[in-house]
file query.cif (mmCIF, C-alpha atoms)
data_data
loop_
_atom_site.label_atom_id
_atom_site.label_comp_id
_atom_site.auth_asym_id
_atom_site.auth_seq_id
_atom_site.Cartn_x
_atom_site.Cartn_y
_atom_site.Cartn_z
CA MET A 60 21.12 -8.54 -13.83
CA SER A 61 21.90 -6.46 -10.75
CA ILE A 62 19.76 -5.87 -7.72
CA LEU A 63 18.86 -2.44 -9.11
CA ASP A 64 17.90 -3.94 -12.47
CA ASP A 65 15.72 -6.51 -10.70
CA LEU A 66 14.04 -3.85 -8.55
CA ILE A 67 13.24 -1.73 -11.61
CA SER A 68 12.06 -4.72 -13.68
CA ALA A 69 9.65 -5.72 -10.90
CA LEU A 70 8.00 -2.28 -10.74
CA PRO A 71 4.32 -2.33 -11.76
CA GLY A 72 3.62 0.16 -14.52
CA ASP A 73 4.65 3.80 -14.55
CA ALA A 74 3.45 7.28 -13.59
CA PRO A 75 4.64 10.84 -14.16
CA ALA A 76 6.68 12.44 -11.41
CA ARG A 77 4.45 15.11 -9.88
CA GLU A 78 7.17 16.39 -7.55
CA VAL A 79 10.91 15.84 -7.16
CA ARG A 80 12.52 17.31 -4.06
CA VAL A 81 16.16 17.02 -3.02
CA GLY A 82 16.34 18.19 0.59
CA ALA A 83 19.35 18.51 2.83
CA PHE A 84 18.87 15.02 4.28
CA TRP A 85 16.10 13.34 2.29
CA THR A 86 15.09 13.11 -1.34
CA ALA A 87 11.49 12.54 -2.42
CA VAL A 88 9.75 11.63 -5.67
CA TRP A 89 5.97 11.79 -5.78
CA SER A 90 4.51 9.77 -8.65
CA ARG A 91 1.97 6.99 -8.03
CA SER A 92 2.88 7.35 -4.37
CA CYS A 93 5.67 9.25 -2.64
CA GLY A 94 9.03 7.54 -2.28
CA LEU A 95 11.96 8.58 -0.12
CA ALA A 96 15.71 8.05 -0.21
CA SER A 97 18.71 9.51 1.57
CA THR A 98 20.29 12.63 0.15
CA VAL A 99 23.94 11.65 -0.14
CA GLY A 100 25.91 14.82 -0.74
CA ALA A 101 28.50 15.42 -3.40
CA GLY A 102 31.34 15.95 -0.90
CA ASP A 103 34.39 17.87 -2.03
CA HIS A 104 33.99 19.03 -5.61
CA GLU A 105 35.21 21.56 -8.10
CA HIS A 106 33.32 24.84 -8.28
CA GLY A 107 30.69 24.65 -11.01
CA ALA A 108 30.54 20.84 -11.16
CA THR A 109 27.18 19.30 -12.12
CA PHE A 110 25.61 16.49 -10.07
CA VAL A 111 22.05 16.26 -11.40
CA THR A 112 22.24 16.60 -15.17
CA GLU A 113 18.59 17.55 -15.72
CA ALA A 114 18.12 19.56 -12.53
CA GLY A 115 15.06 21.79 -12.87
CA ARG A 116 13.51 19.59 -15.57
CA LEU A 117 12.69 16.38 -13.66
CA GLN A 118 9.10 17.13 -12.70
CA GLY A 119 6.74 15.48 -15.17
CA CYS A 120 9.31 12.90 -16.27
CA SER A 121 8.36 9.25 -16.20
CA ALA A 122 9.04 7.80 -12.76
CA ARG A 123 10.56 4.71 -14.43
CA GLN A 124 12.87 7.03 -16.34
CA LEU A 125 13.93 8.62 -13.06
CA ALA A 126 14.33 5.15 -11.53
CA GLY A 127 17.11 4.54 -14.04
CA LEU A 128 19.12 7.26 -12.27
CA ALA A 129 19.66 4.73 -9.47
CA HIS A 130 22.58 3.44 -11.59
CA SER A 131 24.24 6.87 -11.65
CA HIS A 132 27.70 7.43 -10.18
CA SER A 133 26.38 10.77 -8.91
CA THR A 134 24.99 10.01 -5.46
CA LEU A 135 22.48 12.86 -5.77
CA GLU A 136 21.11 11.35 -8.99
CA ALA A 137 21.19 7.83 -7.53
CA GLY A 138 19.13 9.05 -4.56
CA ILE A 139 16.52 10.45 -6.95
CA GLY A 140 16.49 7.07 -8.69
CA LEU A 141 15.88 5.16 -5.44
CA ALA A 142 13.14 7.58 -4.39
CA ALA A 143 11.51 7.05 -7.80
CA ILE A 144 11.68 3.26 -7.34
CA ASN A 145 10.04 3.61 -3.94
CA SER A 146 7.36 5.89 -5.43
CA LEU A 147 6.24 3.17 -7.86
CA LEU A 148 6.19 0.23 -5.46
CA GLU A 149 2.83 -1.32 -4.68
CA VAL A 150 3.61 -2.47 -1.16
CA ASP A 151 1.69 -5.50 0.05
CA GLU A 152 0.85 -4.19 3.51
CA THR A 153 -0.69 -7.53 4.49
CA ARG A 154 2.93 -8.77 4.65
CA CYS A 155 4.05 -5.80 6.75
CA VAL A 156 3.88 -4.71 10.36
CA GLU A 157 4.47 -1.25 11.82
CA LEU A 158 7.85 -1.51 13.45
CA ASN A 159 10.70 0.66 14.67
CA ALA A 160 13.77 -1.04 13.18
CA GLY A 161 16.03 0.28 15.93
CA GLN A 162 13.91 -1.26 18.68
CA PHE A 163 13.64 -4.49 16.70
CA LEU A 164 17.43 -4.73 16.51
CA ILE A 165 17.93 -3.85 20.18
CA GLU A 166 15.67 -6.76 21.11
CA ARG A 167 17.49 -9.12 18.73
CA VAL A 168 21.14 -8.43 19.51
CA PRO A 169 21.81 -9.64 23.10
CA GLY A 170 24.65 -12.17 22.98
CA ARG A 171 25.09 -11.86 19.22
CA GLN A 172 27.93 -10.62 17.07
CA VAL A 173 26.44 -7.78 15.07
CA ALA A 174 27.62 -5.85 12.02
CA LEU A 175 25.76 -2.59 11.43
CA VAL A 176 26.49 -0.86 8.12
CA GLY A 177 25.57 2.78 8.63
CA HIS A 178 25.75 4.84 11.82
CA PHE A 179 22.20 5.09 13.22
CA PRO A 180 20.98 7.03 16.29
CA PHE A 181 20.37 3.78 18.20
CA VAL A 182 24.07 2.74 18.07
CA PRO A 183 24.76 3.57 21.75
CA GLU A 184 21.98 1.25 22.93
CA LEU A 185 23.12 -1.50 20.56
CA ARG A 186 26.63 -1.20 22.01
CA ARG A 187 25.22 -1.80 25.50
CA THR A 188 23.23 -4.88 24.52
CA ALA A 189 25.05 -6.69 21.70
CA GLY A 190 27.54 -9.43 22.46
CA ARG A 191 29.83 -7.56 20.07
CA LEU A 192 29.04 -4.71 17.68
CA TRP A 193 30.94 -3.50 14.64
CA VAL A 194 29.63 -0.24 13.16
CA ILE A 195 30.81 0.30 9.60
CA ASP A 196 30.42 3.65 7.89
CA LEU A 197 31.81 5.58 4.91
CA HIS A 198 32.54 8.42 7.35
CA PRO A 199 33.40 6.60 10.59
CA ALA A 200 32.65 8.27 13.90
CA ALA A 201 34.65 7.47 17.02
CA GLY A 202 34.58 3.72 17.58
CA ASP A 203 33.36 2.97 14.04
CA LEU A 204 35.17 1.13 11.27
CA GLY A 205 35.76 2.22 7.70
CA PRO A 206 34.30 0.22 4.78
CA GLU A 207 37.36 -1.87 3.96
CA GLU A 208 38.18 -2.87 7.54
CA GLY A 209 34.54 -3.45 8.38
CA ALA A 210 33.83 -5.59 5.32
CA GLU A 211 36.37 -8.14 6.54
CA LEU A 212 34.36 -8.60 9.76
CA ILE A 213 30.91 -9.07 8.21
CA PRO A 214 31.40 -12.85 7.73
CA GLN A 215 31.87 -13.14 11.51
CA ALA A 216 28.49 -11.56 12.30
CA ASP A 217 25.41 -13.51 13.40
CA LEU A 218 23.23 -10.52 12.56
CA VAL A 219 23.95 -8.01 9.79
CA ALA A 220 21.95 -4.77 9.46
CA ILE A 221 22.63 -2.68 6.35
CA THR A 222 21.41 0.80 5.55
CA GLY A 223 19.28 1.01 2.42
CA SER A 224 21.59 3.84 1.36
CA ALA A 225 24.03 1.11 0.31
CA LEU A 226 21.88 0.95 -2.83
CA ILE A 227 22.84 4.57 -3.55
CA SER A 228 26.56 3.84 -3.12
CA HIS A 229 26.14 0.63 -5.17
CA THR A 230 27.66 -1.47 -2.39
CA LEU A 231 24.64 -3.48 -1.20
CA GLU A 232 25.23 -6.55 -3.36
CA GLY A 233 28.85 -6.85 -2.28
CA LEU A 234 27.88 -6.50 1.38
CA LEU A 235 25.18 -9.16 1.08
CA GLN A 236 27.64 -11.53 -0.56
CA ARG A 237 29.89 -11.25 2.51
CA CYS A 238 27.13 -12.32 4.90
CA ARG A 239 27.18 -15.89 6.20
CA SER A 240 24.40 -18.09 4.88
CA ASP A 241 23.09 -18.57 8.44
CA ALA A 242 23.28 -14.87 9.40
CA PHE A 243 20.09 -12.89 9.99
CA VAL A 244 20.15 -9.98 7.52
CA ILE A 245 18.06 -6.82 7.65
CA VAL A 246 18.09 -3.85 5.26
CA LEU A 247 16.72 -0.73 6.91
CA GLY A 248 16.00 2.95 6.56
CA PRO A 249 13.75 5.08 4.34
CA THR A 250 15.82 4.27 1.24
CA ALA A 251 15.19 0.53 1.63
CA PRO A 252 12.61 -0.58 -0.96
CA LEU A 253 9.75 -2.61 0.55
CA SER A 254 10.10 -5.07 -2.34
CA PRO A 255 10.31 -8.89 -2.16
CA VAL A 256 13.13 -8.63 -4.71
CA LEU A 257 15.55 -8.10 -1.81
CA PHE A 258 14.64 -11.51 -0.40
CA ASP A 259 16.10 -13.12 -3.52
CA TYR A 260 19.47 -11.69 -2.44
CA GLY A 261 19.48 -13.21 1.04
CA VAL A 262 17.72 -10.47 3.02
CA ASP A 263 15.46 -11.71 5.86
CA VAL A 264 13.72 -8.46 6.82
CA ILE A 265 13.23 -5.10 5.10
CA SER A 266 12.44 -2.16 7.37
CA GLY A 267 11.43 0.84 5.31
CA THR A 268 9.08 3.79 5.18
CA ARG A 269 5.69 4.36 3.59
CA VAL A 270 4.60 7.94 2.95
CA VAL A 271 0.91 8.32 3.79
CA ASP A 272 0.66 12.13 3.46
CA PRO A 273 2.91 13.30 0.61
CA GLU A 274 2.24 17.01 1.06
CA ARG A 275 3.28 16.97 4.72
CA ALA A 276 6.34 14.83 3.95
CA LEU A 277 7.44 17.04 1.06
CA ARG A 278 7.05 20.17 3.16
CA SER A 279 9.18 18.68 5.95
CA ILE A 280 11.90 17.47 3.58
CA SER A 281 12.04 20.79 1.73
CA GLN A 282 12.60 22.59 5.04
CA GLY A 283 15.62 20.52 6.04
CA ALA A 284 13.95 17.91 8.26
CA VAL A 285 15.99 15.06 9.67
CA PHE A 286 14.03 11.82 9.63
CA ARG A 287 12.44 12.13 13.06
CA GLN A 288 11.00 15.48 11.86
CA VAL A 289 9.53 14.13 8.61
CA GLU A 290 5.74 14.14 8.89
CA GLY A 291 3.21 11.94 7.14
CA VAL A 292 5.14 8.65 7.19
CA ARG A 293 4.75 5.13 8.63
CA LEU A 294 7.54 2.73 9.54
CA LEU A 295 6.84 -0.66 7.97
CA SER A 296 8.76 -3.93 8.02
CA MET A 297 8.37 -6.96 5.79
CA SER A 298 9.67 -10.46 6.51
CA ARG A 299 10.93 -12.94 3.90
CA THR A 300 8.88 -15.69 5.51
CA GLY A 301 5.75 -13.56 5.66
CA ASP A 302 5.46 -14.50 9.34
CA SER A 303 4.55 -11.38 11.33
CA ASN A 304 5.52 -13.23 14.53
CA GLU A 305 9.13 -13.07 13.34
CA LEU A 306 8.86 -9.30 13.61
CA GLY A 307 6.96 -9.19 16.86
#
call {"tool": "encode", "arguments": {"input": "query.cif", "output": "structure tokens"}}
result
Amino acid sequence: MSILDDLISALPGDAPAREVRVGAFWTAVWSRSCGLASTVGAGDHEHGATFVTEAGRLQGCSARQLAGLAHSHSTLEAGIGLAAINSLLEVDETRCVELNAGQFLIERVPGRQVALVGHFPFVPELRRTAGRLWVIDLHPAAGDLGPEEGAELIPQADLVAITGSALISHTLEGLLQRCRSDAFVIVLGPTAPLSPVLFDYGVDVISGTRVVDPERALRSISQGAVFRQVEGVRLLSMSRTGDSNELG
């Protein structure tokens, strides 16, 4: 079983997909609730290539059926699959606190060696406060590392923060396996499922997103919103220990 298989197996029940939106930056599936995931573009491709096989016919499909797309090698389909998984989760909010993951990391990193997989807006502040910071990205910006070079450094990190989009690229399990057993590990971003399943794979904290007003969120996403522009969402974090003080 893979982490995706375990996430899907743990989903409670099913529901039809009322809406499926693939925006420029975010993908949304509204079934029982509304789930989000990153829109990871197709990159360079041949003219006329197909990336979502059933495009135009996804609304009304079973959300569990769409969740199976998380296994797809098409990143657009995989994003729909992760959004569908997130749309079916019944999040135990008694285990969660409202938390900005960037601020949480900034407070945690002084003096630590930190590996951040994914280039987030708070990188400049992390660079100023971390003992040492390695930023690893599929498309490295100045000062970042590519995936192969960066993966070799993850075992040196005291704290590892991984974008939930690693589930879309099917790299999360490999990244988690490279983390030291004593490292503090967080998976973050709107793609990250707020599911205890991730704790079985060595994750300490999940920082994700809960959509509380699907219509506002869908409207924002459909109009090209970057995440800070997406309306109708809450930032929630869940700890493996269930201790909210760990997140405070």
call {"tool": "atom_distance", "arguments": {"input": "query.cif", "atom1": "atom CA of A:Ala69", "atom2": "atom CA of A:Gly140"}}
result
14.7 Å
call {"tool": "residues_around", "arguments": {"input": "query.cif", "residues": "stretch 281-296 of chain A", "least_positions_apart": "5", "cutoff": "6 Å", "atoms": "all atoms listed in the file", "output": "mmCIF file with C-alpha atoms, in the frame of the given file"}}
result
data_model
loop_
_atom_site.group_PDB
_atom_site.id
_atom_site.type_symbol
_atom_site.label_atom_id
_atom_site.label_comp_id
_atom_site.auth_asym_id
_atom_site.auth_seq_id
_atom_site.Cartn_x
_atom_site.Cartn_y
_atom_site.Cartn_z
ATOM 1 C CA GLY A 82 16.340 18.190 0.590
ATOM 2 C CA ALA A 83 19.350 18.510 2.830
ATOM 3 C CA CYS A 155 4.050 -5.800 6.750
ATOM 4 C CA VAL A 156 3.880 -4.710 10.360
ATOM 5 C CA GLU A 157 4.470 -1.250 11.820
ATOM 6 C CA LEU A 158 7.850 -1.510 13.450
ATOM 7 C CA ILE A 265 13.230 -5.100 5.100
ATOM 8 C CA SER A 266 12.440 -2.160 7.370
ATOM 9 C CA GLY A 267 11.430 0.840 5.310
ATOM 10 C CA THR A 268 9.080 3.790 5.180
ATOM 11 C CA ARG A 269 5.690 4.360 3.590
ATOM 12 C CA VAL A 270 4.600 7.940 2.950
ATOM 13 C CA VAL A 271 0.910 8.320 3.790
ATOM 14 C CA ASP A 272 0.660 12.130 3.460
ATOM 15 C CA ARG A 275 3.280 16.970 4.720
ATOM 16 C CA ALA A 276 6.340 14.830 3.950
#
call {"tool": "closest_residue", "arguments": {"input": "query.cif", "among": "A:Gly248, A:Pro273, A:Gly261, A:Gly301", "to": "A:Arg80", "atoms": "all atoms listed in the file"}}
result
A:Pro273
call {"tool": "resolve_selection", "arguments": {"input": "query.cif", "expression": "the PyMOL selection byres ((chain A and resi 134) around 8)", "output": "ChimeraX atom specification"}}
result
/A:98-101,110,131-133,135-138,227-228
call {"tool": "resolve_selection", "arguments": {"input": "query.cif", "expression": "the PyMOL selection byres ((chain A and resi 123) around 10)", "output": "MDAnalysis selection string"}}
result
chainID A and resid 67:68 70:76 90 120:122 124:128 140 143:144 146:147
call {"tool": "closest_residue", "arguments": {"input": "query.cif", "among": "A:Ile62, A:Leu117, A:Ala87, A:Val81", "to": "A:Leu235", "atoms": "only C-alpha atoms"}}
result
A:Ile62
call {"tool": "atom_distance", "arguments": {"input": "query.cif", "atom1": "atom CA of A:Met297", "atom2": "atom CA of A:Gln236"}}
result
20.8 Å
call {"tool": "resolve_selection", "arguments": {"input": "query.cif", "expression": "the PyMOL selection byres ((chain A and resi 170) around 8)", "output": "list in words"}}
result
Val168, Pro169, Arg171, Gln172, Thr188, Ala189, Gly190 and Arg191 of chain A
call {"tool": "atom_distance", "arguments": {"input": "query.cif", "atom1": "atom CA of A:Ile165", "atom2": "atom CA of A:Gly94"}}
result
26.7 Å
call {"tool": "residues_around", "arguments": {"input": "query.cif", "residues": "A:Gly233", "least_positions_apart": "6", "cutoff": "12 Å", "atoms": "all atoms listed in the file", "output": "list in words"}}
result
Ser61, Ile62, Pro206, Glu207, Ala210, Glu211, Ile213, Pro214, Ile221, Ala225, Leu226, Tyr260 and Gly261 of chain A
call {"tool": "closest_residue", "arguments": {"input": "query.cif", "among": "A:Leu277, A:Asp241, A:Val173, A:Leu141", "to": "A:Trp89", "atoms": "only C-alpha atoms"}}
result
A:Leu277
call {"tool": "axis_aligned_box", "arguments": {"input": "query.cif", "around": "stretch 288-303 of chain A", "padding_each_side": "3 Å", "output": "lines of an AutoDock Vina configuration file"}}
result
center_x = 7.1
center_y = -0.1
center_z = 7.9
size_x = 13.8
size_y = 37.2
size_z = 14.0
call {"tool": "residues_near_point", "arguments": {"input": "query.cif", "point": "(10.4, -2.6, -1.9)", "cutoff": "7 Å", "atoms": "all atoms listed in the file", "output": "list in words"}}
result
Asn145, Leu148, Val150, Ala251, Pro252, Leu253, Ser254 and Pro255 of chain A
call {"tool": "closest_residue", "arguments": {"input": "query.cif", "among": "A:Arg154, A:Arg239, A:Arg299, A:His130", "to": "A:Ala216", "atoms": "all atoms listed in the file"}}
result
A:Arg239
call {"tool": "decode", "arguments": {"input": "query.cif", "residues": "stretch 76-121 of chain A", "atoms": "N, CA and C atoms", "output": "short mmCIF file (atom, residue, chain, number, x, y, z; two decimals), in the first residue's frame"}}
result
data_model
loop_
_atom_site.label_atom_id
_atom_site.label_comp_id
_atom_site.auth_asym_id
_atom_site.auth_seq_id
_atom_site.Cartn_x
_atom_site.Cartn_y
_atom_site.Cartn_z
N ALA A 76 -19.43 14.65 -7.02
CA ALA A 76 -18.70 15.91 -7.18
C ALA A 76 -19.65 16.95 -7.77
N ARG A 77 -19.99 17.94 -6.96
CA ARG A 77 -20.90 19.00 -7.41
C ARG A 77 -20.19 19.96 -8.35
N GLU A 78 -18.93 20.23 -8.08
CA GLU A 78 -18.13 21.15 -8.90
C GLU A 78 -16.70 20.64 -8.98
N VAL A 79 -16.09 20.80 -10.13
CA VAL A 79 -14.66 20.54 -10.32
C VAL A 79 -14.10 21.73 -11.07
N ARG A 80 -13.17 22.42 -10.44
CA ARG A 80 -12.57 23.61 -11.06
C ARG A 80 -11.05 23.46 -11.09
N VAL A 81 -10.46 23.69 -12.24
CA VAL A 81 -9.00 23.68 -12.37
C VAL A 81 -8.59 25.10 -12.74
N GLY A 82 -8.20 25.87 -11.70
CA GLY A 82 -7.78 27.25 -11.92
C GLY A 82 -6.31 27.33 -12.26
N ALA A 83 -5.86 28.55 -12.50
CA ALA A 83 -4.46 28.74 -12.89
C ALA A 83 -3.49 28.27 -11.81
N PHE A 84 -3.88 28.45 -10.54
CA PHE A 84 -2.97 28.12 -9.44
C PHE A 84 -3.53 27.06 -8.50
N TRP A 85 -4.87 26.96 -8.42
CA TRP A 85 -5.49 26.03 -7.48
C TRP A 85 -6.59 25.24 -8.15
N THR A 86 -6.72 24.01 -7.72
CA THR A 86 -7.76 23.11 -8.20
C THR A 86 -8.70 22.83 -7.04
N ALA A 87 -10.00 22.76 -7.33
CA ALA A 87 -10.99 22.52 -6.28
C ALA A 87 -11.98 21.45 -6.72
N VAL A 88 -12.35 20.60 -5.77
CA VAL A 88 -13.46 19.65 -5.96
C VAL A 88 -14.42 19.87 -4.79
N TRP A 89 -15.68 20.10 -5.12
CA TRP A 89 -16.70 20.29 -4.11
C TRP A 89 -17.61 19.08 -4.12
N SER A 90 -17.48 18.24 -3.10
CA SER A 90 -18.36 17.09 -2.94
C SER A 90 -19.04 17.20 -1.59
N ARG A 91 -18.66 16.35 -0.62
CA ARG A 91 -19.20 16.51 0.74
C ARG A 91 -18.80 17.87 1.30
N SER A 92 -17.54 18.21 1.14
CA SER A 92 -17.05 19.55 1.42
C SER A 92 -16.24 19.98 0.20
N CYS A 93 -15.51 21.05 0.32
CA CYS A 93 -14.71 21.53 -0.81
C CYS A 93 -13.24 21.32 -0.49
N GLY A 94 -12.55 20.59 -1.35
CA GLY A 94 -11.13 20.32 -1.16
C GLY A 94 -10.29 21.05 -2.19
N LEU A 95 -9.10 21.44 -1.77
CA LEU A 95 -8.18 22.16 -2.65
C LEU A 95 -6.92 21.36 -2.90
N ALA A 96 -6.23 21.68 -3.98
CA ALA A 96 -4.90 21.16 -4.28
C ALA A 96 -4.24 22.13 -5.25
N SER A 97 -2.93 22.06 -5.31
CA SER A 97 -2.21 22.90 -6.27
C SER A 97 -2.54 22.48 -7.69
N THR A 98 -2.59 23.46 -8.57
CA THR A 98 -2.64 23.18 -10.01
C THR A 98 -1.20 23.14 -10.50
N VAL A 99 -0.73 21.95 -10.82
CA VAL A 99 0.64 21.78 -11.32
C VAL A 99 0.54 21.63 -12.82
N GLY A 100 1.03 22.63 -13.54
CA GLY A 100 0.85 22.69 -14.98
C GLY A 100 1.54 21.58 -15.75
N ALA A 101 1.16 21.47 -16.99
CA ALA A 101 1.68 20.40 -17.85
C ALA A 101 3.09 20.68 -18.37
N GLY A 102 3.56 21.93 -18.26
CA GLY A 102 4.89 22.25 -18.77
C GLY A 102 4.93 22.18 -20.29
N ASP A 103 6.11 21.97 -20.82
CA ASP A 103 6.24 21.86 -22.27
C ASP A 103 5.51 20.62 -22.76
N HIS A 104 4.74 20.76 -23.83
CA HIS A 104 3.99 19.62 -24.34
C HIS A 104 3.70 19.81 -25.82
N GLU A 105 3.37 18.70 -26.44
CA GLU A 105 3.03 18.76 -27.86
C GLU A 105 1.64 19.37 -28.03
N HIS A 106 1.48 20.12 -29.10
CA HIS A 106 0.18 20.72 -29.40
C HIS A 106 -0.88 19.62 -29.53
N GLY A 107 -1.99 19.80 -28.84
CA GLY A 107 -3.08 18.83 -28.93
C GLY A 107 -3.01 17.71 -27.92
N ALA A 108 -1.98 17.70 -27.06
CA ALA A 108 -1.87 16.65 -26.05
C ALA A 108 -3.02 16.77 -25.04
N THR A 109 -3.40 15.64 -24.45
CA THR A 109 -4.49 15.59 -23.48
C THR A 109 -3.94 15.35 -22.09
N PHE A 110 -4.42 16.12 -21.10
CA PHE A 110 -3.91 16.00 -19.73
C PHE A 110 -4.97 15.60 -18.72
N VAL A 111 -6.22 15.87 -19.04
CA VAL A 111 -7.33 15.40 -18.20
C VAL A 111 -8.26 14.62 -19.12
N THR A 112 -8.22 13.32 -19.04
CA THR A 112 -8.88 12.45 -20.02
C THR A 112 -10.36 12.75 -20.15
N GLU A 113 -11.03 12.93 -19.02
CA GLU A 113 -12.49 13.14 -19.03
C GLU A 113 -12.86 14.60 -18.81
N ALA A 114 -11.99 15.51 -19.22
CA ALA A 114 -12.28 16.94 -19.04
C ALA A 114 -13.66 17.29 -19.61
N GLY A 115 -14.45 18.03 -18.82
CA GLY A 115 -15.79 18.40 -19.23
C GLY A 115 -16.86 17.44 -18.77
N ARG A 116 -16.42 16.27 -18.24
CA ARG A 116 -17.39 15.25 -17.81
C ARG A 116 -17.16 14.80 -16.36
N LEU A 117 -16.44 15.61 -15.58
CA LEU A 117 -16.10 15.20 -14.22
C LEU A 117 -17.17 15.55 -13.19
N GLN A 118 -17.92 16.61 -13.44
CA GLN A 118 -18.96 17.01 -12.49
C GLN A 118 -20.01 15.92 -12.40
N GLY A 119 -20.37 15.54 -11.18
CA GLY A 119 -21.34 14.48 -10.97
C GLY A 119 -20.71 13.12 -10.77
N CYS A 120 -19.41 12.99 -11.08
CA CYS A 120 -18.71 11.73 -10.83
C CYS A 120 -18.62 11.51 -9.32
N SER A 121 -18.40 10.27 -8.94
CA SER A 121 -18.14 9.96 -7.55
C SER A 121 -16.83 10.62 -7.13
#
